[in-house]
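**Student:** What follows is start-v4.cif, made up of mmCIF, C-alpha atoms:
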data_run
loop_
_atom_site.group_PDB
_atom_site.id
_atom_site.type_symbol
_atom_site.label_atom_id
_atom_site.label_comp_id
_atom_site.auth_asym_id
_atom_site.auth_seq_id
_atom_site.Cartn_x
_atom_site.Cartn_y
_atom_site.Cartn_z
ATOM 1 C CA MET I 21 -62.219 -80.586 9.079
ATOM 2 C CA THR I 22 -65.238 -81.243 6.866
ATOM 3 C CA SER I 23 -64.399 -83.354 3.830
ATOM 4 C CA LYS I 24 -64.502 -81.855 0.351
ATOM 5 C CA ALA I 25 -67.403 -84.076 -0.650
ATOM 6 C CA ALA I 26 -69.398 -82.824 2.341
ATOM 7 C CA ARG I 27 -68.554 -79.204 1.500
ATOM 8 C CA PHE I 28 -69.609 -79.744 -2.117
ATOM 9 C CA GLN I 29 -72.937 -81.128 -0.903
ATOM 10 C CA ILE I 30 -73.473 -78.097 1.346
ATOM 11 C CA ILE I 31 -72.749 -75.810 -1.619
ATOM 12 C CA GLU I 32 -75.238 -77.762 -3.721
ATOM 13 C CA ASP I 33 -77.912 -77.317 -1.044
ATOM 14 C CA LEU I 34 -77.265 -73.576 -0.549
ATOM 15 C CA ARG I 35 -76.588 -72.362 -4.088
ATOM 16 C CA VAL I 36 -80.285 -71.679 -4.762
ATOM 17 C CA ARG I 37 -80.137 -68.926 -2.106
ATOM 18 C CA HIS I 38 -76.521 -67.727 -2.350
ATOM 19 C CA SER I 39 -73.947 -66.870 -4.962
ATOM 20 C CA LEU I 40 -71.948 -69.880 -6.150
ATOM 21 C CA SER I 41 -68.682 -67.909 -6.227
ATOM 22 C CA TRP I 42 -69.234 -66.750 -2.633
ATOM 23 C CA LEU I 43 -69.994 -70.325 -1.481
ATOM 24 C CA LEU I 44 -66.909 -71.696 -3.230
ATOM 25 C CA LYS I 45 -64.721 -69.065 -1.590
ATOM 26 C CA LEU I 46 -66.271 -69.666 1.827
ATOM 27 C CA ALA I 47 -65.791 -73.438 1.518
ATOM 28 C CA ALA I 48 -62.243 -73.041 0.176
ATOM 29 C CA VAL I 49 -62.829 -75.304 -2.821
ATOM 30 C CA SER I 50 -62.316 -74.754 -6.537
ATOM 31 C CA CYS I 51 -65.034 -74.251 -9.122
ATOM 32 C CA SER I 52 -63.608 -77.061 -11.296
ATOM 33 C CA GLY I 53 -63.594 -79.416 -8.296
ATOM 34 C CA TYR I 54 -67.229 -78.593 -7.551
ATOM 35 C CA TYR I 55 -68.392 -79.310 -11.112
ATOM 36 C CA LYS I 56 -66.343 -82.497 -11.214
ATOM 37 C CA TRP I 57 -68.127 -83.597 -8.035
ATOM 38 C CA ARG I 58 -71.533 -82.774 -9.541
ATOM 39 C CA LYS I 59 -70.687 -84.803 -12.630
ATOM 40 C CA SER I 60 -69.806 -87.820 -10.482
ATOM 41 C CA ILE I 61 -73.191 -87.918 -8.701
ATOM 42 C CA PRO I 62 -75.022 -90.048 -11.353
ATOM 43 C CA ALA I 63 -72.084 -92.445 -11.523
ATOM 44 C CA ALA I 64 -72.080 -92.794 -7.743
ATOM 45 C CA LYS I 65 -75.813 -93.535 -7.742
ATOM 46 C CA GLU I 66 -75.300 -96.172 -10.437
ATOM 47 C CA ARG I 67 -72.520 -97.784 -8.402
ATOM 48 C CA ARG I 68 -74.765 -97.886 -5.326
ATOM 49 C CA HIS I 69 -77.558 -99.447 -7.390
ATOM 50 C CA LYS I 70 -75.241 -102.138 -8.772
ATOM 51 C CA GLN I 71 -73.876 -102.789 -5.294
ATOM 52 C CA HIS I 72 -77.405 -103.245 -3.921
ATOM 53 C CA GLU I 73 -78.280 -105.604 -6.787
ATOM 54 C CA LEU I 74 -75.130 -107.644 -6.191
ATOM 55 C CA GLU I 75 -75.832 -107.931 -2.479
ATOM 56 C CA SER I 76 -79.441 -108.997 -3.194
ATOM 57 C CA HIS I 77 -78.201 -111.747 -5.507
ATOM 58 C CA MET I 78 -75.698 -112.946 -2.931
ATOM 59 C CA LEU I 79 -78.337 -113.132 -0.213
ATOM 60 C CA ALA I 80 -80.677 -115.063 -2.527
ATOM 61 C CA ILE I 81 -77.934 -117.506 -3.489
ATOM 62 C CA HIS I 82 -77.127 -118.015 0.183
ATOM 63 C CA ARG I 83 -80.773 -118.750 0.978
ATOM 64 C CA ALA I 84 -80.934 -121.345 -1.802
ATOM 65 C CA HIS I 85 -77.447 -122.785 -1.160
ATOM 66 C CA PRO I 86 -76.368 -121.998 2.421
ATOM 67 C CA TYR I 87 -73.358 -124.329 2.098
ATOM 68 C CA TYR I 88 -71.700 -122.172 -0.604
ATOM 69 C CA GLY I 89 -68.385 -120.570 0.369
ATOM 70 C CA TYR I 90 -67.011 -117.485 -1.368
ATOM 71 C CA LEU I 91 -65.537 -119.445 -4.304
ATOM 72 C CA ARG I 92 -68.782 -121.235 -5.176
ATOM 73 C CA MET I 93 -70.647 -117.979 -4.533
ATOM 74 C CA THR I 94 -68.395 -116.333 -7.146
ATOM 75 C CA VAL I 95 -69.211 -119.057 -9.685
ATOM 76 C CA ALA I 96 -72.944 -118.776 -8.971
ATOM 77 C CA LEU I 97 -72.826 -114.998 -9.474
ATOM 78 C CA ARG I 98 -71.039 -115.405 -12.796
ATOM 79 C CA LYS I 99 -73.753 -117.802 -13.949
ATOM 80 C CA GLU I 100 -76.180 -114.986 -13.190
ATOM 81 C CA GLY I 101 -74.160 -112.658 -15.431
ATOM 82 C CA LEU I 102 -72.462 -110.860 -12.525
ATOM 83 C CA ARG I 103 -68.693 -111.069 -12.982
ATOM 84 C CA VAL I 104 -67.162 -110.212 -9.624
ATOM 85 C CA ASN I 105 -63.658 -110.800 -8.300
ATOM 86 C CA HIS I 106 -63.585 -113.545 -5.672
ATOM 87 C CA LYS I 107 -61.814 -111.230 -3.235
ATOM 88 C CA LYS I 108 -64.710 -108.779 -3.434
ATOM 89 C CA VAL I 109 -67.190 -111.625 -2.956
ATOM 90 C CA TYR I 110 -65.281 -112.723 0.151
ATOM 91 C CA ARG I 111 -65.328 -109.165 1.530
ATOM 92 C CA LEU I 112 -69.044 -108.665 0.833
ATOM 93 C CA MET I 113 -69.941 -112.020 2.401
ATOM 94 C CA LYS I 114 -68.173 -110.859 5.553
ATOM 95 C CA GLN I 115 -70.028 -107.519 5.490
ATOM 96 C CA LEU I 116 -73.397 -109.207 4.910
ATOM 97 C CA GLY I 117 -72.780 -111.801 7.604
ATOM 98 C CA ILE I 118 -72.923 -114.661 5.107
ATOM 99 C CA SER I 119 -70.970 -117.761 6.045
ATOM 100 C CA SER I 120 -71.177 -121.209 4.491
ATOM 101 C CA VAL I 121 -72.987 -123.904 6.435
ATOM 102 C CA ILE I 122 -71.265 -127.284 6.453
ATOM 103 C CA ARG I 123 -73.641 -129.568 4.607
ATOM 104 C CA LYS I 124 -74.274 -132.899 6.278
ATOM 105 C CA LYS I 125 -76.550 -135.729 5.301
ATOM 106 C CA ARG I 126 -79.654 -135.263 7.360
ATOM 107 C CA ARG I 127 -80.785 -138.247 9.355
ATOM 108 C CA PHE I 128 -83.811 -136.478 10.775
ATOM 109 C CA PHE I 129 -86.284 -133.982 9.388
ATOM 110 C CA ARG I 130 -88.965 -132.602 11.646
ATOM 111 C CA LYS I 131 -88.828 -135.698 13.860
ATOM 112 C CA GLN I 132 -88.974 -137.964 10.802
ATOM 113 C CA ALA I 133 -85.940 -140.036 9.823
ATOM 114 C CA SER I 134 -84.440 -139.114 6.459
ATOM 115 C CA VAL I 135 -84.094 -141.666 3.697
ATOM 116 C CA VAL I 136 -80.570 -141.679 2.221
ATOM 117 C CA ASN I 137 -80.466 -143.761 -0.951
ATOM 118 C CA PRO I 138 -77.415 -145.406 -2.528
ATOM 119 C CA ASN I 139 -75.873 -143.723 -5.572
ATOM 120 C CA ARG I 140 -77.472 -145.850 -8.273
ATOM 121 C CA LEU I 141 -76.322 -143.608 -11.115
ATOM 122 C CA GLN I 142 -72.601 -143.910 -10.203
ATOM 123 C CA ARG I 143 -71.735 -140.902 -12.410
ATOM 124 C CA GLN I 144 -73.022 -142.672 -15.509
ATOM 125 C CA PHE I 145 -74.762 -139.575 -16.853
ATOM 126 C CA GLN I 146 -75.300 -140.780 -20.424
ATOM 127 C CA THR I 147 -78.139 -142.887 -21.738
ATOM 128 C CA ASP I 148 -79.430 -143.920 -25.166
ATOM 129 C CA THR I 149 -82.998 -144.361 -23.983
ATOM 130 C CA PRO I 150 -85.479 -141.565 -23.195
ATOM 131 C CA CYS I 151 -86.919 -141.301 -19.683
ATOM 132 C CA THR I 152 -84.637 -143.829 -17.991
ATOM 133 C CA LYS I 153 -82.173 -141.538 -16.176
ATOM 134 C CA LEU I 154 -83.608 -138.320 -14.783
ATOM 135 C CA VAL I 155 -81.999 -135.629 -12.621
ATOM 136 C CA THR I 156 -83.714 -133.096 -10.397
ATOM 137 C CA ASP I 157 -82.640 -129.927 -8.620
ATOM 138 C CA ILE I 158 -83.867 -126.626 -7.196
ATOM 139 C CA THR I 159 -82.575 -123.178 -8.114
ATOM 140 C CA TYR I 160 -83.758 -119.607 -7.638
ATOM 141 C CA ILE I 161 -84.901 -116.971 -10.133
ATOM 142 C CA ARG I 162 -85.050 -113.204 -9.629
ATOM 143 C CA ALA I 163 -88.551 -111.813 -10.170
ATOM 144 C CA GLY I 164 -88.387 -108.036 -9.827
ATOM 145 C CA GLU I 165 -87.348 -107.287 -6.263
ATOM 146 C CA HIS I 166 -88.112 -110.822 -5.095
ATOM 147 C CA PHE I 167 -86.877 -114.353 -5.730
ATOM 148 C CA VAL I 168 -88.802 -117.531 -6.491
ATOM 149 C CA TYR I 169 -87.651 -121.138 -6.410
ATOM 150 C CA LEU I 170 -87.680 -123.350 -9.494
ATOM 151 C CA SER I 171 -87.776 -127.133 -9.195
ATOM 152 C CA VAL I 172 -87.051 -129.090 -12.383
ATOM 153 C CA ILE I 173 -86.763 -132.695 -13.517
ATOM 154 C CA GLN I 174 -84.520 -133.223 -16.542
ATOM 155 C CA ASP I 175 -83.972 -136.192 -18.850
ATOM 156 C CA LEU I 176 -80.273 -137.068 -19.272
ATOM 157 C CA TYR I 177 -81.066 -138.600 -22.661
ATOM 158 C CA ASN I 178 -81.454 -135.186 -24.304
ATOM 159 C CA ASN I 179 -81.444 -132.604 -21.485
ATOM 160 C CA GLU I 180 -85.187 -132.067 -21.907
ATOM 161 C CA ILE I 181 -87.091 -130.567 -18.970
ATOM 162 C CA LEU I 182 -89.885 -133.057 -18.342
ATOM 163 C CA ALA I 183 -91.500 -131.286 -15.380
ATOM 164 C CA TRP I 184 -91.076 -128.040 -13.449
ATOM 165 C CA HIS I 185 -92.748 -125.977 -10.759
ATOM 166 C CA LEU I 186 -92.265 -122.461 -9.345
ATOM 167 C CA SER I 187 -92.859 -121.468 -5.734
ATOM 168 C CA GLU I 188 -92.050 -118.683 -3.299
ATOM 169 C CA ARG I 189 -90.977 -121.344 -0.785
ATOM 170 C CA ASN I 190 -88.171 -123.889 -0.970
ATOM 171 C CA ASP I 191 -90.061 -126.663 0.802
ATOM 172 C CA LEU I 192 -91.420 -130.193 0.425
ATOM 173 C CA ALA I 193 -94.482 -129.010 -1.479
ATOM 174 C CA LEU I 194 -92.210 -127.673 -4.233
ATOM 175 C CA VAL I 195 -90.669 -131.066 -5.046
ATOM 176 C CA HIS I 196 -93.938 -132.956 -4.537
ATOM 177 C CA GLU I 197 -95.728 -130.775 -7.071
ATOM 178 C CA THR I 198 -92.879 -131.239 -9.573
ATOM 179 C CA LEU I 199 -93.089 -135.006 -9.179
ATOM 180 C CA ASP I 200 -96.876 -134.938 -9.589
ATOM 181 C CA ARG I 201 -96.494 -133.017 -12.847
ATOM 182 C CA LEU I 202 -94.009 -135.600 -14.096
ATOM 183 C CA ARG I 203 -96.378 -138.453 -13.274
ATOM 184 C CA GLN I 204 -99.098 -136.908 -15.426
ATOM 185 C CA HIS I 205 -97.349 -137.610 -18.738
ATOM 186 C CA ALA I 206 -94.661 -140.246 -18.193
ATOM 187 C CA ASP I 207 -94.457 -143.937 -17.319
ATOM 188 C CA LEU I 208 -91.935 -143.946 -14.493
ATOM 189 C CA SER I 209 -91.603 -147.590 -13.568
ATOM 190 C CA GLY I 210 -87.911 -148.499 -13.343
ATOM 191 C CA VAL I 211 -86.738 -144.908 -13.887
ATOM 192 C CA ILE I 212 -83.781 -143.506 -11.893
ATOM 193 C CA LEU I 213 -84.265 -140.015 -10.451
ATOM 194 C CA HIS I 214 -80.961 -138.483 -9.305
ATOM 195 C CA SER I 215 -80.851 -135.572 -6.780
ATOM 196 C CA ASP I 216 -78.385 -133.942 -4.385
ATOM 197 C CA GLN I 217 -80.195 -135.616 -1.466
ATOM 198 C CA GLY I 218 -81.217 -132.344 0.100
ATOM 199 C CA PHE I 219 -83.815 -132.481 2.862
ATOM 200 C CA GLN I 220 -86.698 -132.355 0.378
ATOM 201 C CA TYR I 221 -85.488 -135.433 -1.489
ATOM 202 C CA THR I 222 -84.662 -137.472 1.616
ATOM 203 C CA SER I 223 -87.962 -136.830 3.377
ATOM 204 C CA LYS I 224 -90.145 -139.866 4.054
ATOM 205 C CA PRO I 225 -93.249 -138.509 2.226
ATOM 206 C CA PHE I 226 -91.231 -137.870 -0.947
ATOM 207 C CA ASN I 227 -89.647 -141.312 -0.816
ATOM 208 C CA ARG I 228 -93.010 -142.975 -0.270
ATOM 209 C CA LYS I 229 -94.029 -141.489 -3.613
ATOM 210 C CA LEU I 230 -90.816 -142.711 -5.196
ATOM 211 C CA GLU I 231 -91.361 -146.243 -3.938
ATOM 212 C CA GLN I 232 -94.451 -146.398 -6.127
ATOM 213 C CA LEU I 233 -92.499 -145.275 -9.232
ATOM 214 C CA PHE I 234 -88.590 -145.184 -9.127
ATOM 215 C CA TYR I 235 -85.458 -143.916 -7.299
ATOM 216 C CA ASN I 236 -83.439 -140.691 -6.746
ATOM 217 C CA GLN I 237 -79.992 -138.729 -6.377
ATOM 218 C CA ASN I 238 -77.589 -135.842 -7.817
ATOM 219 C CA ARG I 239 -77.444 -133.279 -10.672
ATOM 220 C CA PHE I 240 -75.741 -132.916 -14.073
ATOM 221 C CA GLN I 241 -75.869 -130.733 -17.161
ATOM 222 C CA LYS I 242 -74.439 -131.199 -20.698
ATOM 223 C CA LYS I 243 -74.808 -129.532 -24.066
ATOM 224 C CA LEU I 244 -76.326 -131.017 -27.204
ATOM 225 C CA ASN I 245 -75.245 -130.493 -30.815
ATOM 226 C CA ASP I 246 -76.783 -127.012 -31.136
ATOM 227 C CA ARG I 247 -80.282 -128.504 -30.898
ATOM 228 C CA SER I 248 -83.007 -128.151 -28.332
ATOM 229 C CA PRO I 249 -83.855 -131.189 -26.193
ATOM 230 C CA VAL I 250 -87.075 -131.793 -28.088
ATOM 231 C CA GLU I 251 -85.277 -131.474 -31.431
ATOM 232 C CA TYR I 252 -82.676 -133.973 -30.276
ATOM 233 C CA ARG I 253 -85.312 -136.488 -29.243
ATOM 234 C CA GLU I 254 -87.318 -136.078 -32.442
ATOM 235 C CA THR I 255 -84.182 -136.394 -34.592
ATOM 236 C CA ALA I 256 -83.144 -139.590 -32.843
ATOM 237 C CA ALA I 257 -86.622 -141.058 -33.202
ATOM 238 C CA ALA I 258 -86.823 -140.244 -36.945
#
Now that the file is in, can you turn its structure into structure tokens?

**Tutor:**
Amino acid sequence: MTSKAARFQIIEDLRVRHSLSWLLKLAAVSCSGYYKWRKSIPAAKERRHKQHELESHMLAIHRAHPYYGYLRMTVALRKEGLRVNHKKVYRLMKQLGISSVIRKKRRFFRKQASVVNPNRLQRQFQTDTPCTKLVTDITYIRAGEHFVYLSVIQDLYNNEILAWHLSERNDLALVHETLDRLRQHADLSGVILHSDQGFQYTSKPFNRKLEQLFYNQNRFQKKLNDRSPVEYRETAAA
């Protein structure tokens, strides 16, 4: 038997040519049920829109961080302002065919050996001197119906963003351009640059640049005393 929702839709399509009361009687549904169904249409469209937006975010997060499982995916969504139950995230990842990729340190990249550096920072994420301990990472940003990748270099002294670059591709050029922008206004001799040692940061070309300036490794983020990074630096220098 045809579902009530399907019968309501047929009534909606035919009511411009036939009497509503006759259609309701023929379909064996109530008038109140029909109007309740009509009232739910905008809400249903809104739910479908939100569902599509959520799925788009999940796919973008997976492209940027393919090693994320459903728990880390849930955290990433919440950082984007999308509060979703982890059980729903797990179910949607299954429906979308998203599965976490086990992240391994890459020894080769396009026939070039990767450069894996020792952890020089050793979780010492504080410093009293500007531009001595820097961290770098790549994230994604939604731009309309598309996503772009943001590469940043941050100073652990005051959380100031010293250099950044946007690109539609998460590739070597993205991190090279960010490093070039940093070189334009900072003396980098002896500086530590900490990354997550993704393939961009362990590539030989990137490390050849670093050998001329400093080192690299992981990521970190901390809050200041209700002041911007620049304000913090200027206050300390005063």

**Student:** Would you tabulate, counting only C-alpha atoms, all residues of range 41-99 of chain I that have an atom at most 12 Å from an atom of range 212-218 of chain I, showing the closest pair of atoms and their distance in Å to one decimal, sorted by chain then ascending number, as a Markdown table?

**Tutor:**
| residue | atom | partner | partner_atom | distance |
| --- | --- | --- | --- | --- |
| I:Ala84 | CA | I:Gly218 | CA | 11.2 |
| I:His85 | CA | I:Gly218 | CA | 10.4 |
| I:Pro86 | CA | I:Gly218 | CA | 11.7 |
| I:Tyr87 | CA | I:Gly218 | CA | 11.4 |

**Student:** Pick the closest to Asp191 in chain I from I:Gln204, I:Ser171, I:Thr156, I:Asn179: which is it, counting only C-alpha atoms?

**Tutor:**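 Looking only at the distances to Asp191 in chain I, the closest residue turns out to be I:Ser171.
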
**Student:** What is the CA of Ala26 in chain I to CA of Ser52 in chain I distance in Å?

**Tutor:**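 Those two atoms sit 15.9 Å apart.
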
**Student:** Name every residue that the PyMOL selection byres ((chain I and resi 232) around 12) selects in this structure, writing the answer as a PyMOL selection string with chains first and numbers rising.

**Tutor:** chain I and resi 199+203+207-211+225-231+233-235

**Student:** Between CA of Gly117 in chain I and CA of Arg83 in chain I, what is the distance, to one decimal in Å?

**Tutor:** 12.5 Å

**Student:** Please, what distance in Å, to one decimal, runs between CA of Tyr54 in chain I and CA of Lys24 in chain I?

**Tutor:** 9.0 Å

**Student:** Report as a list of chain:residue names the residues that result from applying the PyMOL selection byres ((chain I and resi 163) around 12) to the structure here.

**Tutor:**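 Taken on the displayed file, the PyMOL selection byres ((chain I and resi 163) around 12) yields the residues I:Ser76, I:His77, I:Ala80, I:Tyr160, I:Ile161, I:Arg162, I:Gly164, I:Glu165, I:His166, I:Phe167, I:Val168, I:Tyr169, I:Leu170, I:Leu186, I:Ser187, I:Glu188.
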
**Student:** May I have the protein, DNA and RNA residues with an atom at most 12 Å from (-74.1, -119.1, -9.5), counting all atoms listed in the file in the file's coordinates, returned as an NGL selection string?

**Tutor:** :I and (74 or 77-82 or 84-85 or 88-104 or 159-161)

**Student:** May I ask which of the residues I:Thr22, I:Ala193, I:Leu112, I:Asp175 is the closest one to Thr149 in chain I, counting only C-alpha atoms?

**Tutor:**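 Closest to Thr149 in chain I, using only C-alpha atoms: I:Asp175.
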
**Student:** Pick from I:Phe28, I:Arg37, I:Gln71, I:Leu176: nearest to Ser50 in chain I, with all atoms listed in the file counted?

**Tutor:** I:Phe28

**Student:** Just checking: using only C-alpha atoms, which residue out of I:Met113, I:Ala48, I:Leu43, I:Ile61 ends up closest to Ser23 in chain I?

**Tutor:** I:Ala48
